[in-house]
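Colleague: What follows is entry_3.cif, mmCIF, C-alpha atoms.
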```cif
data_coords
#
loop_
_atom_site.label_atom_id
_atom_site.label_comp_id
_atom_site.auth_asym_id
_atom_site.auth_seq_id
_atom_site.Cartn_x
_atom_site.Cartn_y
_atom_site.Cartn_z
CA GLY A 1 -4.46 26.13 9.98
CA GLU A 2 -2.91 23.11 11.64
CA ASN A 3 0.83 22.98 12.33
CA VAL A 4 2.60 19.75 13.30
CA GLU A 5 6.09 19.73 14.80
CA GLN A 6 8.06 16.46 14.93
CA HIS A 7 11.19 15.55 16.91
CA PRO A 8 13.84 14.36 16.58
CA SER A 9 14.70 14.74 12.90
CA THR A 10 17.15 11.83 13.16
CA LEU A 11 17.16 9.02 15.71
CA SER A 12 19.77 6.28 15.92
CA VAL A 13 19.17 3.32 18.24
CA GLN A 14 20.79 -0.05 18.78
CA GLU A 15 18.92 -3.05 17.44
CA GLY A 16 16.67 -4.39 20.15
CA ASP A 17 16.32 -1.06 21.94
CA SER A 18 13.21 1.12 21.94
CA ALA A 19 12.61 4.24 19.84
CA VAL A 20 10.30 7.14 20.63
CA ILE A 21 9.25 9.87 18.21
CA LYS A 22 7.26 12.86 19.43
CA CYS A 23 4.88 15.25 17.70
CA THR A 24 2.95 18.32 18.78
CA TYR A 25 -0.02 19.88 16.99
CA SER A 26 -1.58 23.31 17.17
CA ASP A 27 -5.27 22.85 16.27
CA SER A 28 -7.30 21.68 19.27
CA ALA A 29 -10.02 20.55 16.84
CA SER A 30 -7.77 17.87 15.34
CA ASN A 31 -9.20 14.44 16.04
CA TYR A 32 -7.18 11.98 13.99
CA PHE A 33 -3.47 11.20 14.26
CA PRO A 34 -1.92 8.66 11.90
CA TRP A 35 1.71 7.61 11.56
CA TYR A 36 3.20 6.75 8.17
CA LYS A 37 6.44 4.91 7.44
CA GLN A 38 8.41 5.66 4.28
CA GLU A 39 11.27 3.38 3.35
CA LEU A 40 13.94 4.71 1.04
CA GLY A 41 12.58 5.15 -2.48
CA LYS A 42 9.14 3.83 -1.54
CA ARG A 43 5.74 5.34 -0.92
CA PRO A 44 4.47 6.21 2.58
CA GLN A 45 2.42 3.50 4.30
CA LEU A 46 0.18 3.75 7.34
CA ILE A 47 1.52 1.85 10.34
CA ILE A 48 -0.84 2.95 13.10
CA ASP A 49 -3.39 5.65 13.83
CA ILE A 50 -5.30 6.96 16.83
CA ARG A 51 -8.46 8.97 17.26
CA SER A 52 -8.95 11.70 19.82
CA ASN A 53 -11.31 9.63 21.97
CA VAL A 54 -8.51 7.16 22.77
CA GLY A 55 -5.36 7.76 24.84
CA GLU A 56 -3.27 4.83 23.67
CA LYS A 57 -3.26 2.19 20.96
CA LYS A 58 -0.95 -0.78 20.46
CA ASP A 59 -0.19 -3.08 17.56
CA GLN A 60 2.49 -5.67 18.34
CA ARG A 61 5.78 -3.73 18.74
CA ILE A 62 4.25 -0.37 17.89
CA ALA A 63 2.23 1.90 20.15
CA VAL A 64 0.94 5.44 19.94
CA THR A 65 -0.03 7.67 22.87
CA LEU A 66 -2.08 10.86 22.72
CA ASN A 67 -2.28 13.70 25.22
CA LYS A 68 -5.08 16.01 24.05
CA THR A 69 -4.56 18.51 26.84
CA ALA A 70 -0.92 19.05 25.93
CA LYS A 71 -1.63 18.53 22.22
CA HIS A 72 1.09 16.00 21.68
CA PHE A 73 1.31 12.40 20.56
CA SER A 74 4.14 9.91 20.37
CA LEU A 75 5.14 6.77 18.50
CA HIS A 76 6.85 4.02 20.47
CA ILE A 77 8.65 1.13 18.78
CA THR A 78 9.96 -1.63 21.03
CA GLU A 79 12.53 -4.33 20.26
CA THR A 80 13.67 -2.49 17.15
CA GLN A 81 14.75 -4.50 14.12
CA PRO A 82 16.76 -3.58 10.99
CA GLU A 83 13.57 -3.42 8.93
CA ASP A 84 12.34 -0.60 11.17
CA SER A 85 14.92 1.70 9.53
CA ALA A 86 12.91 4.29 7.59
CA VAL A 87 11.52 7.82 7.77
CA TYR A 88 8.48 8.11 10.01
CA PHE A 89 5.91 10.89 9.59
CA CYS A 90 3.26 11.89 12.08
CA ALA A 91 0.15 13.70 10.89
CA ALA A 92 -2.98 15.37 12.22
CA SER A 93 -6.41 16.20 10.85
CA ARG A 94 -9.67 17.72 12.10
CA SER A 95 -11.69 15.70 9.61
CA GLY A 96 -10.19 12.27 10.08
CA GLY A 97 -7.94 12.91 7.10
CA GLY A 98 -10.90 13.82 4.96
CA ALA A 99 -11.69 17.23 3.51
CA ASP A 100 -8.71 18.98 5.11
CA GLY A 101 -6.32 16.18 4.21
CA LEU A 102 -3.49 15.36 6.57
CA THR A 103 -1.00 17.88 7.96
CA PHE A 104 2.32 16.09 8.26
CA GLY A 105 5.37 16.67 10.40
CA LYS A 106 8.73 16.91 8.66
CA GLY A 107 9.68 13.34 9.46
CA THR A 108 12.11 11.40 11.63
CA HIS A 109 14.86 9.34 10.04
CA LEU A 110 15.13 6.25 12.25
CA ILE A 111 18.40 4.36 11.96
CA ILE A 112 18.71 0.94 13.57
CA GLN A 113 22.34 0.15 14.38
CA PRO A 114 23.24 -3.57 14.26
CA GLY B 1 -5.27 -5.79 -6.43
CA ALA B 2 -3.69 -2.87 -8.22
CA GLY B 3 -2.54 0.00 -6.07
CA VAL B 4 -2.48 3.71 -6.82
CA SER B 5 -0.51 4.48 -9.93
CA GLN B 6 0.96 7.77 -11.14
CA SER B 7 2.49 8.93 -14.37
CA PRO B 8 5.00 9.97 -15.39
CA SER B 9 7.36 8.69 -12.71
CA ASN B 10 9.85 11.42 -13.59
CA LYS B 11 9.39 14.69 -15.41
CA VAL B 12 12.07 17.21 -16.29
CA THR B 13 10.77 20.45 -17.72
CA GLU B 14 12.05 23.88 -18.50
CA LYS B 15 10.99 26.87 -16.46
CA GLY B 16 7.85 28.41 -17.92
CA LYS B 17 6.48 25.22 -19.45
CA ASP B 18 3.21 23.59 -18.41
CA VAL B 19 3.12 20.06 -16.98
CA GLU B 20 0.34 17.58 -16.33
CA LEU B 21 0.59 14.86 -13.70
CA ARG B 22 -1.76 11.90 -13.67
CA CYS B 23 -3.12 9.75 -10.85
CA ASP B 24 -5.07 6.50 -11.12
CA PRO B 25 -6.58 5.67 -7.71
CA ILE B 26 -7.53 2.26 -6.42
CA SER B 27 -10.77 1.16 -8.09
CA GLY B 28 -13.79 2.07 -6.00
CA HIS B 29 -12.01 4.63 -3.84
CA THR B 30 -14.11 7.77 -3.75
CA ALA B 31 -11.63 10.01 -1.93
CA LEU B 32 -8.48 11.22 -3.67
CA TYR B 33 -5.71 13.48 -2.38
CA TRP B 34 -2.71 15.27 -3.81
CA TYR B 35 0.39 16.04 -1.72
CA ARG B 36 3.76 17.57 -2.47
CA GLN B 37 6.99 16.35 -0.86
CA SER B 38 10.03 18.55 -1.12
CA LEU B 39 13.52 17.28 -0.29
CA GLY B 40 13.88 16.70 3.42
CA GLN B 41 10.39 17.96 4.13
CA GLY B 42 7.14 16.38 5.13
CA LEU B 43 4.19 15.99 2.85
CA GLU B 44 2.27 19.16 2.05
CA PHE B 45 -1.47 18.70 1.42
CA LEU B 46 -2.64 20.29 -1.83
CA ILE B 47 -6.20 19.24 -2.60
CA TYR B 48 -8.90 16.66 -1.85
CA PHE B 49 -11.56 15.19 -4.14
CA GLN B 50 -14.74 13.48 -3.04
CA GLY B 51 -15.96 11.94 -6.25
CA ASN B 52 -15.31 14.56 -8.90
CA SER B 53 -15.71 17.50 -6.55
CA ALA B 54 -12.97 19.45 -4.80
CA PRO B 55 -14.72 21.48 -2.07
CA ASP B 56 -11.64 23.49 -1.07
CA LYS B 57 -8.82 24.52 -3.39
CA SER B 58 -7.07 26.82 -0.92
CA GLY B 59 -4.23 24.34 -0.39
CA LEU B 60 -2.98 24.76 -3.94
CA PRO B 61 0.26 26.81 -3.73
CA SER B 62 -0.70 29.36 -6.40
CA ASP B 63 -3.15 30.00 -9.21
CA ARG B 64 -0.72 28.26 -11.55
CA PHE B 65 -1.86 24.99 -10.01
CA SER B 66 -5.13 23.33 -10.93
CA ALA B 67 -6.59 19.87 -10.54
CA GLU B 68 -9.51 17.92 -11.81
CA ARG B 69 -10.99 14.49 -11.47
CA THR B 70 -13.27 12.81 -13.98
CA GLY B 71 -15.56 9.81 -13.76
CA GLY B 72 -14.83 9.52 -10.06
CA SER B 73 -11.51 7.97 -11.01
CA VAL B 74 -8.49 9.49 -12.77
CA SER B 75 -7.18 12.82 -11.55
CA THR B 76 -4.77 15.26 -13.15
CA LEU B 77 -2.73 17.97 -11.49
CA THR B 78 -1.68 20.70 -13.88
CA ILE B 79 1.04 23.24 -13.21
CA GLN B 80 1.21 26.16 -15.60
CA ARG B 81 4.30 28.29 -16.22
CA THR B 82 6.44 26.07 -13.99
CA GLN B 83 8.96 27.66 -11.64
CA GLN B 84 12.05 26.12 -10.03
CA GLU B 85 10.34 26.12 -6.63
CA ASP B 86 7.77 23.71 -8.09
CA SER B 87 10.45 20.99 -8.15
CA ALA B 88 9.32 18.25 -5.77
CA VAL B 89 7.77 14.80 -5.65
CA TYR B 90 4.02 14.98 -6.20
CA LEU B 91 2.17 12.17 -4.44
CA CYS B 92 -1.38 11.08 -4.98
CA ALA B 93 -3.35 9.02 -2.46
CA SER B 94 -6.78 7.47 -2.37
CA SER B 95 -9.06 6.01 0.29
CA PRO B 96 -12.39 4.16 0.20
CA LEU B 97 -14.18 7.10 1.79
CA ALA B 98 -13.07 10.39 3.28
CA GLY B 99 -12.18 10.38 6.93
CA TYR B 100 -10.56 7.84 9.26
CA TYR B 101 -9.51 5.53 6.44
CA GLU B 102 -5.96 4.73 5.45
CA GLN B 103 -4.73 6.83 2.57
CA TYR B 104 -2.98 4.60 0.03
CA PHE B 105 -0.20 6.45 -1.70
CA GLY B 106 1.05 6.17 -5.22
CA PRO B 107 4.76 6.04 -6.11
CA GLY B 108 4.84 9.75 -6.92
CA THR B 109 5.97 11.88 -9.81
CA ARG B 110 9.37 13.51 -9.39
CA LEU B 111 9.19 16.91 -11.08
CA THR B 112 12.38 18.80 -11.85
CA VAL B 113 12.15 22.31 -13.27
CA THR B 114 15.37 23.49 -14.87
#
```
Now that the file is in, can you turn its structure into structure tokens?
Modeller:
Amino acid sequence: GENVEQHPSTLSVQEGDSAVIKCTYSDSASNYFPWYKQELGKRPQLIIDIRSNVGEKKDQRIAVTLNKTAKHFSLHITETQPEDSAVYFCAASRSGGGADGLTFGKGTHLIIQP
Amino acid sequence: GAGVSQSPSNKVTEKGKDVELRCDPISGHTALYWYRQSLGQGLEFLIYFQGNSAPDKSGLPSDRFSAERTGGSVSTLTIQRTQQEDSAVYLCASSPLAGYYEQYFGPGTRLTVT
């Protein structure tokens, strides 16, 4: 089955700087790659996703890039703010997150230093 | 509108007892998922329902785990003869359809097996 590796496990950046979180996946048939944000004590929420037919997607300060050949994808957050502090999970699926669900990485704890 | 709800929010049980966890998805969502989140780990996919049907139960950790969904709505996850390694947060999610839709997560049930 699919295996998703996520790095780093903890990332501390100064407010206003950029943050990058990287994930690799093992199943070349995976075609859907969402990112979820989980604030302390809260439920995970989707922040951005990308399909395999697209190399990059942006939404304001957040962007995701996908390299299908290398089987890795990354989350980029620019101009970080205190409210960006959370645990971020990448995920992959060969069914768009349908019948095989989502295979998640172990998460990155992003800390924004004031 | 109302989001995904789960009950109980916390459950402490003795080893060997059976427990039942409940999920109420967003009204009209046909796809429903169960995940397990252990401390410091990512989310582990357990099972997916399309309507009342679960086409693949291989993600359930052992035969002590079972799940059902009735009326295309409420779902229950049952763990028989609980073990300490079953301790985790059990998250339910729903989406309008399966595949390429955001999965909306519930608040989770924290299960502690003593």
Colleague: With distances taken over only C-alpha atoms, which residue among A:Gly16, A:Pro114, A:Pro82, A:Gly107 lies nearest chain B?
Modeller: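 When distances to chain B are compared using only C-alpha atoms, the smallest one comes from A:Gly107.
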Colleague: So, counting all atoms listed in the file, which residue among B:Leu46, B:Leu91, B:Val74, B:Ala67 is closest to A:Asp100?
Modeller: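 Between B:Leu46, B:Leu91, B:Val74, B:Ala67, the residue approaching A:Asp100 most closely is B:Leu46.
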Colleague: Hey, can you pull every residue with an atom no more than 10 Å from (14.2, -1.1, 23.8), using all atoms listed in the file, and send it as number ranges by chain?
Modeller: A: 13-20, 76-80
Colleague: Would you list the contacts of stretch 106-108 of chain B as a ChimeraX atom specification, taking every protein, DNA or RNA residue within 9 Å and counting all atoms listed in the file, but skipping same-chain residues closer than 3 positions in sequence?
Modeller: /A:41-44 /B:3-10,23-25,89-94
Colleague: Could you list the residues chosen by the PyMOL selection byres ((chain B) within 8 of (chain A)) in this structure as a ChimeraX atom specification?
Modeller: /B:31,33,40-45,47-49,55-56,98-108
